[in-house]
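K.L.:
My structure file data-v6.cif, mmCIF, C-alpha atoms; chains and numbers go by the auth columns, is below:
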data_input
#
loop_
_atom_site.group_PDB
_atom_site.id
_atom_site.type_symbol
_atom_site.label_atom_id
_atom_site.label_comp_id
_atom_site.label_asym_id
_atom_site.label_seq_id
_atom_site.Cartn_x
_atom_site.Cartn_y
_atom_site.Cartn_z
_atom_site.B_iso_or_equiv
_atom_site.auth_seq_id
_atom_site.auth_asym_id
ATOM 1 C CA LEU A 1 32.715 1.320 -13.331 0.00 1 A
ATOM 2 C CA LEU A 2 35.067 0.569 -10.432 0.00 2 A
ATOM 3 C CA LYS A 3 36.513 -2.432 -12.266 0.00 3 A
ATOM 4 C CA HIS A 4 36.897 -0.368 -15.440 0.00 4 A
ATOM 5 C CA LEU A 5 38.803 2.275 -13.464 0.00 5 A
ATOM 6 C CA GLY A 6 40.989 -0.373 -11.818 0.00 6 A
ATOM 7 C CA ILE A 7 39.658 0.358 -8.332 0.00 7 A
ATOM 8 C CA ARG A 8 39.642 -2.864 -6.338 0.00 8 A
ATOM 9 C CA LYS A 9 38.351 -1.536 -3.007 0.00 9 A
ATOM 10 C CA THR A 10 36.810 1.735 -1.912 0.00 10 A
ATOM 11 C CA ALA A 11 34.556 3.413 0.595 0.00 11 A
ATOM 12 C CA VAL A 12 31.000 3.646 -0.720 0.00 12 A
ATOM 13 C CA ILE A 13 28.889 6.718 0.103 0.00 13 A
ATOM 14 C CA GLY A 14 25.395 7.490 -1.135 0.00 14 A
ATOM 15 C CA LEU A 15 22.539 9.871 -0.347 0.00 15 A
ATOM 16 C CA SER A 16 18.877 8.806 -0.424 0.00 16 A
ATOM 17 C CA LEU A 17 18.408 6.381 -3.344 0.00 17 A
ATOM 18 C CA GLY A 18 22.202 6.475 -3.599 0.00 18 A
ATOM 19 C CA GLY A 19 22.345 5.255 0.014 0.00 19 A
ATOM 20 C CA ARG A 20 20.070 2.360 -0.898 0.00 20 A
ATOM 21 C CA ILE A 21 22.316 1.562 -3.856 0.00 21 A
ATOM 22 C CA ALA A 22 25.432 1.777 -1.641 0.00 22 A
ATOM 23 C CA ILE A 23 23.915 -0.731 0.807 0.00 23 A
ATOM 24 C CA ASP A 24 22.854 -3.091 -2.003 0.00 24 A
ATOM 25 C CA PHE A 25 26.307 -2.792 -3.604 0.00 25 A
ATOM 26 C CA THR A 26 27.990 -3.628 -0.304 0.00 26 A
ATOM 27 C CA LEU A 27 25.856 -6.762 0.004 0.00 27 A
ATOM 28 C CA GLN A 28 26.539 -7.810 -3.598 0.00 28 A
ATOM 29 C CA HIS A 29 30.258 -6.964 -3.678 0.00 29 A
ATOM 30 C CA PRO A 30 31.585 -7.013 -0.093 0.00 30 A
ATOM 31 C CA GLU A 31 35.104 -7.678 -1.342 0.00 31 A
ATOM 32 C CA MET A 32 35.154 -4.237 -3.006 0.00 32 A
ATOM 33 C CA VAL A 33 33.992 -2.142 -0.034 0.00 33 A
ATOM 34 C CA THR A 34 36.260 -0.794 2.719 0.00 34 A
ATOM 35 C CA ALA A 35 33.606 1.330 4.448 0.00 35 A
ATOM 36 C CA LEU A 36 29.933 2.196 3.985 0.00 36 A
ATOM 37 C CA VAL A 37 28.342 5.609 4.549 0.00 37 A
ATOM 38 C CA PRO A 38 24.600 5.611 3.779 0.00 38 A
ATOM 39 C CA VAL A 39 23.232 9.154 4.103 0.00 39 A
ATOM 40 C CA SER A 40 19.472 9.654 4.571 0.00 40 A
ATOM 41 C CA PRO A 41 19.247 6.242 2.911 0.00 41 A
ATOM 42 C CA GLY A 42 16.505 4.228 1.369 0.00 42 A
ATOM 43 C CA LEU A 43 16.623 0.478 1.989 0.00 43 A
ATOM 44 C CA SER A 44 15.556 -2.226 -0.441 0.00 44 A
ATOM 45 C CA GLY A 45 12.587 -4.110 0.958 0.00 45 A
ATOM 46 C CA TYR A 46 11.581 -1.326 3.340 0.00 46 A
ATOM 47 C CA GLU A 47 7.931 -0.278 3.045 0.00 47 A
ATOM 48 C CA PHE A 48 7.545 3.472 3.556 0.00 48 A
ATOM 49 C CA ASN A 49 4.439 4.288 5.557 0.00 49 A
ATOM 50 C CA GLY A 50 4.921 7.818 6.918 0.00 50 A
ATOM 51 C CA GLU A 51 1.849 9.994 6.347 0.00 51 A
ATOM 52 C CA GLY A 52 3.677 13.036 4.984 0.00 52 A
ATOM 53 C CA LEU A 53 5.480 10.933 2.435 0.00 53 A
ATOM 54 C CA GLN A 54 2.355 9.048 1.382 0.00 54 A
ATOM 55 C CA GLU A 55 0.543 12.300 0.604 0.00 55 A
ATOM 56 C CA GLY A 56 3.526 13.828 -1.160 0.00 56 A
ATOM 57 C CA MET A 57 4.154 10.719 -3.247 0.00 57 A
ATOM 58 C CA ALA A 58 0.484 10.484 -4.255 0.00 58 A
ATOM 59 C CA GLY A 59 0.630 14.064 -5.527 0.00 59 A
ATOM 60 C CA LEU A 60 3.942 13.429 -7.248 0.00 60 A
ATOM 61 C CA VAL A 61 2.635 10.331 -9.049 0.00 61 A
ATOM 62 C CA GLU A 62 -0.545 12.113 -10.161 0.00 62 A
ATOM 63 C CA ALA A 63 1.437 15.075 -11.475 0.00 63 A
ATOM 64 C CA TYR A 64 3.852 12.708 -13.243 0.00 64 A
ATOM 65 C CA GLN A 65 0.972 10.885 -14.940 0.00 65 A
ATOM 66 C CA ARG A 66 -0.386 14.260 -16.145 0.00 66 A
ATOM 67 C CA GLU A 67 3.167 15.141 -17.328 0.00 67 A
ATOM 68 C CA GLU A 68 3.126 18.241 -15.123 0.00 68 A
ATOM 69 C CA TYR A 69 6.824 18.023 -14.409 0.00 69 A
ATOM 70 C CA ASP A 70 7.118 21.340 -12.565 0.00 70 A
ATOM 71 C CA GLN A 71 4.516 20.023 -10.102 0.00 71 A
ATOM 72 C CA VAL A 72 6.400 16.716 -9.825 0.00 72 A
ATOM 73 C CA VAL A 73 9.526 18.619 -8.861 0.00 73 A
ATOM 74 C CA GLU A 74 7.623 20.734 -6.334 0.00 74 A
ATOM 75 C CA PHE A 75 6.142 17.645 -4.641 0.00 75 A
ATOM 76 C CA PHE A 76 9.663 16.183 -4.559 0.00 76 A
ATOM 77 C CA GLN A 77 11.012 19.400 -3.026 0.00 77 A
ATOM 78 C CA ARG A 78 8.295 19.534 -0.368 0.00 78 A
ATOM 79 C CA SER A 79 8.926 15.913 0.663 0.00 79 A
ATOM 80 C CA TRP A 80 12.704 15.776 0.502 0.00 80 A
ATOM 81 C CA THR A 81 14.279 19.235 0.450 0.00 81 A
ATOM 82 C CA ASP A 82 11.914 20.896 2.918 0.00 82 A
ATOM 83 C CA GLY A 83 11.100 17.762 4.874 0.00 83 A
ATOM 84 C CA PRO A 84 8.008 17.192 6.991 0.00 84 A
ATOM 85 C CA HIS A 85 8.833 19.839 9.596 0.00 85 A
ATOM 86 C CA ARG A 86 9.529 22.946 7.483 0.00 86 A
ATOM 87 C CA THR A 87 7.938 25.122 4.844 0.00 87 A
ATOM 88 C CA PRO A 88 9.721 26.161 1.640 0.00 88 A
ATOM 89 C CA SER A 89 10.281 29.636 3.096 0.00 89 A
ATOM 90 C CA GLN A 90 12.383 28.091 5.890 0.00 90 A
ATOM 91 C CA ILE A 91 14.915 26.664 3.434 0.00 91 A
ATOM 92 C CA ASP A 92 17.845 28.526 1.934 0.00 92 A
ATOM 93 C CA PRO A 93 16.538 29.450 -1.549 0.00 93 A
ATOM 94 C CA ASN A 94 19.928 28.604 -3.078 0.00 94 A
ATOM 95 C CA ILE A 95 19.665 25.023 -1.800 0.00 95 A
ATOM 96 C CA ARG A 96 16.094 24.702 -3.044 0.00 96 A
ATOM 97 C CA GLU A 97 17.194 25.973 -6.462 0.00 97 A
ATOM 98 C CA LYS A 98 20.126 23.519 -6.654 0.00 98 A
ATOM 99 C CA VAL A 99 17.863 20.590 -5.779 0.00 99 A
ATOM 100 C CA ARG A 100 15.205 21.846 -8.196 0.00 100 A
ATOM 101 C CA ALA A 101 17.761 22.008 -11.028 0.00 101 A
ATOM 102 C CA MET A 102 18.860 18.425 -10.325 0.00 102 A
ATOM 103 C CA ALA A 103 15.290 17.187 -10.062 0.00 103 A
ATOM 104 C CA VAL A 104 14.251 18.874 -13.308 0.00 104 A
ATOM 105 C CA LYS A 105 17.055 17.056 -15.129 0.00 105 A
ATOM 106 C CA GLY A 106 16.135 13.717 -13.580 0.00 106 A
ATOM 107 C CA VAL A 107 12.343 13.829 -13.492 0.00 107 A
ATOM 108 C CA ARG A 108 11.754 12.119 -16.830 0.00 108 A
ATOM 109 C CA GLY A 109 14.189 9.369 -15.936 0.00 109 A
ATOM 110 C CA TRP A 110 12.372 8.490 -12.732 0.00 110 A
ATOM 111 C CA ALA A 111 10.162 6.035 -14.601 0.00 111 A
ATOM 112 C CA ILE A 112 13.292 4.066 -15.509 0.00 112 A
ATOM 113 C CA GLN A 113 14.014 3.523 -11.800 0.00 113 A
ATOM 114 C CA GLN A 114 10.700 1.702 -11.455 0.00 114 A
ATOM 115 C CA HIS A 115 12.012 -1.010 -13.769 0.00 115 A
ATOM 116 C CA ALA A 116 15.447 -1.443 -12.186 0.00 116 A
ATOM 117 C CA MET A 117 16.324 -4.955 -11.053 0.00 117 A
ATOM 118 C CA PRO A 118 15.792 -5.016 -7.279 0.00 118 A
ATOM 119 C CA LEU A 119 18.258 -6.763 -5.003 0.00 119 A
ATOM 120 C CA GLN A 120 17.004 -10.263 -4.207 0.00 120 A
ATOM 121 C CA PRO A 121 16.595 -10.949 -1.424 0.00 121 A
ATOM 122 C CA PRO A 122 16.309 -7.295 -0.387 0.00 122 A
ATOM 123 C CA ALA A 123 18.726 -5.655 2.001 0.00 123 A
ATOM 124 C CA ILE A 124 16.193 -5.240 4.815 0.00 124 A
ATOM 125 C CA GLY A 125 16.640 -8.843 5.942 0.00 125 A
ATOM 126 C CA ARG A 126 20.375 -9.023 5.272 0.00 126 A
ATOM 127 C CA LEU A 127 21.978 -6.022 6.947 0.00 127 A
ATOM 128 C CA ASP A 128 23.730 -8.314 9.420 0.00 128 A
ATOM 129 C CA GLN A 129 25.817 -9.631 6.506 0.00 129 A
ATOM 130 C CA ILE A 130 27.568 -6.253 6.165 0.00 130 A
ATOM 131 C CA LYS A 131 30.922 -6.490 7.920 0.00 131 A
ATOM 132 C CA VAL A 132 32.636 -3.231 6.954 0.00 132 A
ATOM 133 C CA PRO A 133 32.808 -0.116 9.125 0.00 133 A
ATOM 134 C CA THR A 134 29.497 1.705 8.615 0.00 134 A
ATOM 135 C CA LEU A 135 28.378 5.215 9.472 0.00 135 A
ATOM 136 C CA ALA A 136 24.707 6.096 8.883 0.00 136 A
ATOM 137 C CA VAL A 137 24.097 9.839 8.614 0.00 137 A
ATOM 138 C CA VAL A 138 20.650 11.421 8.875 0.00 138 A
ATOM 139 C CA GLY A 139 19.238 14.923 9.205 0.00 139 A
ATOM 140 C CA GLU A 140 17.376 15.671 12.420 0.00 140 A
ATOM 141 C CA LEU A 141 14.361 16.981 10.437 0.00 141 A
ATOM 142 C CA ASP A 142 14.143 14.145 7.916 0.00 142 A
ATOM 143 C CA MET A 143 11.124 11.856 7.489 0.00 143 A
ATOM 144 C CA SER A 144 10.329 9.344 10.213 0.00 144 A
ATOM 145 C CA ASP A 145 10.777 6.499 7.710 0.00 145 A
ATOM 146 C CA ILE A 146 14.360 7.602 7.002 0.00 146 A
ATOM 147 C CA HIS A 147 15.078 7.702 10.739 0.00 147 A
ATOM 148 C CA ALA A 148 13.583 4.199 11.035 0.00 148 A
ATOM 149 C CA ILE A 149 15.869 2.929 8.256 0.00 149 A
ATOM 150 C CA VAL A 150 18.926 4.436 9.950 0.00 150 A
ATOM 151 C CA ASP A 151 17.887 2.803 13.225 0.00 151 A
ATOM 152 C CA LEU A 152 17.609 -0.577 11.441 0.00 152 A
ATOM 153 C CA ILE A 153 21.088 -0.118 9.995 0.00 153 A
ATOM 154 C CA VAL A 154 22.569 0.660 13.399 0.00 154 A
ATOM 155 C CA LYS A 155 20.706 -2.227 15.031 0.00 155 A
ATOM 156 C CA ASP A 156 21.595 -4.846 12.414 0.00 156 A
ATOM 157 C CA ILE A 157 25.119 -3.940 11.229 0.00 157 A
ATOM 158 C CA THR A 158 27.538 -4.863 13.980 0.00 158 A
ATOM 159 C CA GLY A 159 29.675 -1.924 15.101 0.00 159 A
ATOM 160 C CA SER A 160 27.883 0.599 12.907 0.00 160 A
ATOM 161 C CA LYS A 161 27.453 4.153 14.084 0.00 161 A
ATOM 162 C CA LYS A 162 24.801 6.821 13.607 0.00 162 A
ATOM 163 C CA THR A 163 25.239 10.565 13.298 0.00 163 A
ATOM 164 C CA VAL A 164 22.282 12.945 13.364 0.00 164 A
ATOM 165 C CA VAL A 165 22.968 16.369 11.848 0.00 165 A
ATOM 166 C CA PRO A 166 20.886 18.992 13.669 0.00 166 A
ATOM 167 C CA GLY A 167 18.603 21.454 11.904 0.00 167 A
ATOM 168 C CA VAL A 168 18.546 19.775 8.469 0.00 168 A
ATOM 169 C CA ALA A 169 16.273 17.373 6.609 0.00 169 A
ATOM 170 C CA HIS A 170 17.076 14.917 3.806 0.00 170 A
ATOM 171 C CA MET A 171 19.710 16.879 1.860 0.00 171 A
ATOM 172 C CA VAL A 172 22.262 16.801 4.665 0.00 172 A
ATOM 173 C CA ASN A 173 25.289 17.323 2.435 0.00 173 A
ATOM 174 C CA MET A 174 23.723 20.334 0.703 0.00 174 A
ATOM 175 C CA GLU A 175 22.360 22.070 3.796 0.00 175 A
ATOM 176 C CA GLN A 176 25.470 21.595 5.938 0.00 176 A
ATOM 177 C CA PRO A 177 28.328 20.771 3.520 0.00 177 A
ATOM 178 C CA ALA A 178 31.206 21.652 5.857 0.00 178 A
ATOM 179 C CA GLU A 179 29.744 19.657 8.751 0.00 179 A
ATOM 180 C CA PHE A 180 28.890 16.749 6.450 0.00 180 A
ATOM 181 C CA ASN A 181 32.431 16.667 5.053 0.00 181 A
ATOM 182 C CA ARG A 182 33.915 16.832 8.558 0.00 182 A
ATOM 183 C CA ILE A 183 31.751 13.916 9.758 0.00 183 A
ATOM 184 C CA VAL A 184 32.537 11.704 6.784 0.00 184 A
ATOM 185 C CA LEU A 185 36.265 12.511 6.574 0.00 185 A
ATOM 186 C CA GLU A 186 36.670 11.950 10.315 0.00 186 A
ATOM 187 C CA PHE A 187 34.962 8.561 9.984 0.00 187 A
ATOM 188 C CA LEU A 188 37.045 7.536 6.981 0.00 188 A
ATOM 189 C CA ALA A 189 40.280 8.599 8.697 0.00 189 A
ATOM 190 C CA ARG A 190 39.714 6.203 11.619 0.00 190 A
ATOM 191 C CA ASP A 191 42.377 3.569 12.308 0.00 191 A
#
Show this structure as structure tokens.

P.N.:
Amino acid sequence: LLKHLGIRKTAVIGLSLGGRIAIDFTLQHPEMVTALVPVSPGLSGYEFNGEGLQEGMAGLVEAYQREEYDQVVEFFQRSWTDGPHRTPSQIDPNIREKVRAMAVKGVRGWAIQQHAMPLQPPAIGRLDQIKVPTLAVVGELDMSDIHAIVDLIVKDITGSKKTVVPGVAHMVNMEQPAEFNRIVLEFLARD
């Protein structure tokens, strides 16, 4: 897409699976990336083992296999929108509804992601190859696995920085859009 649009170099930003994709893209096409901002990112090769996520994903998979897509979306919401430290009633209902609407549209396509070509070798053992300015952003209330991934990024990418946004979980940009924009724009405006 970037080549088609005539964009030779750009900052790459992604949330969650998009963060994983942004990291993989940076490893595959370093000549095209000026800066990397993974937000609440996944990481290819990382094995999630947090208890809350394991339970939520088991329920999600079972509901998906039964084609109970409303339940799939609710398991997704509980894991990612609410996070492990809050109940649905503690989340702004407008944010939950926006995430629900996105998830409903994407739920049937999730099976396609299972067949995507993974980066080989995965990013987890190659983060030190990333040489662009990197800012990892994570919500204070996100899953422990996401915090562990951000800590790996900061440890392995020379000069990278970490920002923790207080009071939010995985959907940092949706829960605190003004603060998220300020953090990212300030980082991208650096000399």

K.L.:
From the options A:Ile124, A:Val12, A:Val107, A:Val99, which residue's atoms come nearest to Ala63 of chain A, counting all atoms listed in the file?

P.N.:
A:Val107

K.L.:
Taking into account all atoms listed in the file, which residue in the set A:Met57, A:Leu17, A:Leu27, A:Leu5 is nearest to Leu119 of chain A?

P.N.:
A:Leu27

K.L.:
Give me the residues within 9 Å of segment 96-98 of chain A as a PDB file with C-alpha atoms, in the coordinates of the input, counting only C-alpha atoms and dropping any in the same chain fewer than 5 places off.

P.N.:
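Contents of the output file result12.pdb:
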ATOM      1  CA  GLN A  77      11.012  19.400  -3.026  1.00  0.00           C
ATOM      2  CA  THR A  81      14.279  19.235   0.450  1.00  0.00           C
ATOM      3  CA  ASP A  82      11.914  20.896   2.918  1.00  0.00           C
ATOM      4  CA  PRO A  88       9.721  26.161   1.640  1.00  0.00           C
ATOM      5  CA  ILE A  91      14.915  26.664   3.434  1.00  0.00           C
ATOM      6  CA  ALA A 103      15.290  17.187 -10.062  1.00  0.00           C
ATOM      7  CA  MET A 174      23.723  20.334   0.703  1.00  0.00           C
TER       8      MET A 174
END

K.L.:
Segment 137-152 of chain A: which residues within 9 Å, counting only C-alpha atoms, same-chain residues fewer than 6 positions away excluded, as an MDAnalysis selection string?

P.N.:
chainID A and resid 16 37:43 46:50 52:53 79:80 82:86 124 127 161:172 180 183:184

K.L.:
Emit the selected residues as a PDB file, in the coordinates of the input, including C-alpha atoms.

P.N.:
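Okay, result-v1.pdb is ready:
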ATOM      1  CA  SER A  16      18.877   8.806  -0.424  1.00  0.00           C
ATOM      2  CA  VAL A  37      28.342   5.609   4.549  1.00  0.00           C
ATOM      3  CA  PRO A  38      24.600   5.611   3.779  1.00  0.00           C
ATOM      4  CA  VAL A  39      23.232   9.154   4.103  1.00  0.00           C
ATOM      5  CA  SER A  40      19.472   9.654   4.571  1.00  0.00           C
ATOM      6  CA  PRO A  41      19.247   6.242   2.911  1.00  0.00           C
ATOM      7  CA  GLY A  42      16.505   4.228   1.369  1.00  0.00           C
ATOM      8  CA  LEU A  43      16.623   0.478   1.989  1.00  0.00           C
ATOM      9  CA  TYR A  46      11.581  -1.326   3.340  1.00  0.00           C
ATOM     10  CA  GLU A  47       7.931  -0.278   3.045  1.00  0.00           C
ATOM     11  CA  PHE A  48       7.545   3.472   3.556  1.00  0.00           C
ATOM     12  CA  ASN A  49       4.439   4.288   5.557  1.00  0.00           C
ATOM     13  CA  GLY A  50       4.921   7.818   6.918  1.00  0.00           C
ATOM     14  CA  GLY A  52       3.677  13.036   4.984  1.00  0.00           C
ATOM     15  CA  LEU A  53       5.480  10.933   2.435  1.00  0.00           C
ATOM     16  CA  SER A  79       8.926  15.913   0.663  1.00  0.00           C
ATOM     17  CA  TRP A  80      12.704  15.776   0.502  1.00  0.00           C
ATOM     18  CA  ASP A  82      11.914  20.896   2.918  1.00  0.00           C
ATOM     19  CA  GLY A  83      11.100  17.762   4.874  1.00  0.00           C
ATOM     20  CA  PRO A  84       8.008  17.192   6.991  1.00  0.00           C
ATOM     21  CA  HIS A  85       8.833  19.839   9.596  1.00  0.00           C
ATOM     22  CA  ARG A  86       9.529  22.946   7.483  1.00  0.00           C
ATOM     23  CA  ILE A 124      16.193  -5.240   4.815  1.00  0.00           C
ATOM     24  CA  LEU A 127      21.978  -6.022   6.947  1.00  0.00           C
ATOM     25  CA  LYS A 161      27.453   4.153  14.084  1.00  0.00           C
ATOM     26  CA  LYS A 162      24.801   6.821  13.607  1.00  0.00           C
ATOM     27  CA  THR A 163      25.239  10.565  13.298  1.00  0.00           C
ATOM     28  CA  VAL A 164      22.282  12.945  13.364  1.00  0.00           C
ATOM     29  CA  VAL A 165      22.968  16.369  11.848  1.00  0.00           C
ATOM     30  CA  PRO A 166      20.886  18.992  13.669  1.00  0.00           C
ATOM     31  CA  GLY A 167      18.603  21.454  11.904  1.00  0.00           C
ATOM     32  CA  VAL A 168      18.546  19.775   8.469  1.00  0.00           C
ATOM     33  CA  ALA A 169      16.273  17.373   6.609  1.00  0.00           C
ATOM     34  CA  HIS A 170      17.076  14.917   3.806  1.00  0.00           C
ATOM     35  CA  MET A 171      19.710  16.879   1.860  1.00  0.00           C
ATOM     36  CA  VAL A 172      22.262  16.801   4.665  1.00  0.00           C
ATOM     37  CA  PHE A 180      28.890  16.749   6.450  1.00  0.00           C
ATOM     38  CA  ILE A 183      31.751  13.916   9.758  1.00  0.00           C
ATOM     39  CA  VAL A 184      32.537  11.704   6.784  1.00  0.00           C
TER      40      VAL A 184
END

K.L.:
Which distance in Å separates atom CA of Thr87 of chain A and atom CA of Met102 of chain A, to one decimal?

P.N.:
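Atom CA of Met102 of chain A lies at a distance of 19.9 Å from atom CA of Thr87 of chain A.
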
K.L.:
Could you work out how far atom CA of Ala35 of chain A lies from atom CA of Pro133 of chain A, giving the answer in Å with one decimal?

P.N.:
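Interatomic distance, atom CA of Pro133 of chain A to atom CA of Ala35 of chain A: 5.0 Å.
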
K.L.:
Would you please work out which residue, of A:Val104, A:Leu60, A:Ala11, A:Met32, is nearest to Arg78 of chain A when using all atoms listed in the file?

P.N.:
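Result for the nearest residue to Arg78 of chain A: A:Leu60.
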
K.L.:
Provide segment 137-150 of chain A rebuilt to N, CA and C atoms, formatted as a PDB file, in the frame of the given file.

P.N.:
ATOM      1  N   VAL A 137      24.270   8.415   8.350  1.00  0.00           N
ATOM      2  CA  VAL A 137      24.097   9.839   8.614  1.00  0.00           C
ATOM      3  C   VAL A 137      22.663  10.223   8.253  1.00  0.00           C
ATOM      4  N   VAL A 138      22.031  11.003   9.124  1.00  0.00           N
ATOM      5  CA  VAL A 138      20.650  11.421   8.875  1.00  0.00           C
ATOM      6  C   VAL A 138      20.443  12.834   9.417  1.00  0.00           C
ATOM      7  N   GLY A 139      19.593  13.591   8.736  1.00  0.00           N
ATOM      8  CA  GLY A 139      19.238  14.923   9.205  1.00  0.00           C
ATOM      9  C   GLY A 139      18.177  14.836  10.293  1.00  0.00           C
ATOM     10  N   GLU A 140      18.316  15.648  11.292  1.00  0.00           N
ATOM     11  CA  GLU A 140      17.376  15.671  12.420  1.00  0.00           C
ATOM     12  C   GLU A 140      15.928  15.849  11.947  1.00  0.00           C
ATOM     13  N   LEU A 141      15.707  16.629  10.890  1.00  0.00           N
ATOM     14  CA  LEU A 141      14.361  16.981  10.437  1.00  0.00           C
ATOM     15  C   LEU A 141      13.873  16.128   9.275  1.00  0.00           C
ATOM     16  N   ASP A 142      14.541  15.024   9.023  1.00  0.00           N
ATOM     17  CA  ASP A 142      14.143  14.145   7.916  1.00  0.00           C
ATOM     18  C   ASP A 142      12.883  13.370   8.284  1.00  0.00           C
ATOM     19  N   MET A 143      12.341  12.660   7.313  1.00  0.00           N
ATOM     20  CA  MET A 143      11.124  11.856   7.489  1.00  0.00           C
ATOM     21  C   MET A 143      11.328  10.762   8.536  1.00  0.00           C
ATOM     22  N   SER A 144      10.260  10.406   9.204  1.00  0.00           N
ATOM     23  CA  SER A 144      10.329   9.344  10.213  1.00  0.00           C
ATOM     24  C   SER A 144      10.759   8.021   9.599  1.00  0.00           C
ATOM     25  N   ASP A 145      10.358   7.743   8.360  1.00  0.00           N
ATOM     26  CA  ASP A 145      10.777   6.499   7.710  1.00  0.00           C
ATOM     27  C   ASP A 145      12.290   6.445   7.523  1.00  0.00           C
ATOM     28  N   ILE A 146      12.906   7.571   7.186  1.00  0.00           N
ATOM     29  CA  ILE A 146      14.360   7.602   7.002  1.00  0.00           C
ATOM     30  C   ILE A 146      15.051   7.369   8.340  1.00  0.00           C
ATOM     31  N   HIS A 147      14.520   7.959   9.402  1.00  0.00           N
ATOM     32  CA  HIS A 147      15.078   7.702  10.739  1.00  0.00           C
ATOM     33  C   HIS A 147      14.925   6.224  11.105  1.00  0.00           C
ATOM     34  N   ALA A 148      13.802   5.620  10.747  1.00  0.00           N
ATOM     35  CA  ALA A 148      13.583   4.199  11.035  1.00  0.00           C
ATOM     36  C   ALA A 148      14.589   3.331  10.276  1.00  0.00           C
ATOM     37  N   ILE A 149      14.879   3.678   9.037  1.00  0.00           N
ATOM     38  CA  ILE A 149      15.869   2.929   8.256  1.00  0.00           C
ATOM     39  C   ILE A 149      17.241   3.042   8.901  1.00  0.00           C
ATOM     40  N   VAL A 150      17.618   4.248   9.298  1.00  0.00           N
ATOM     41  CA  VAL A 150      18.926   4.436   9.950  1.00  0.00           C
ATOM     42  C   VAL A 150      18.992   3.622  11.242  1.00  0.00           C
TER      43      VAL A 150
END
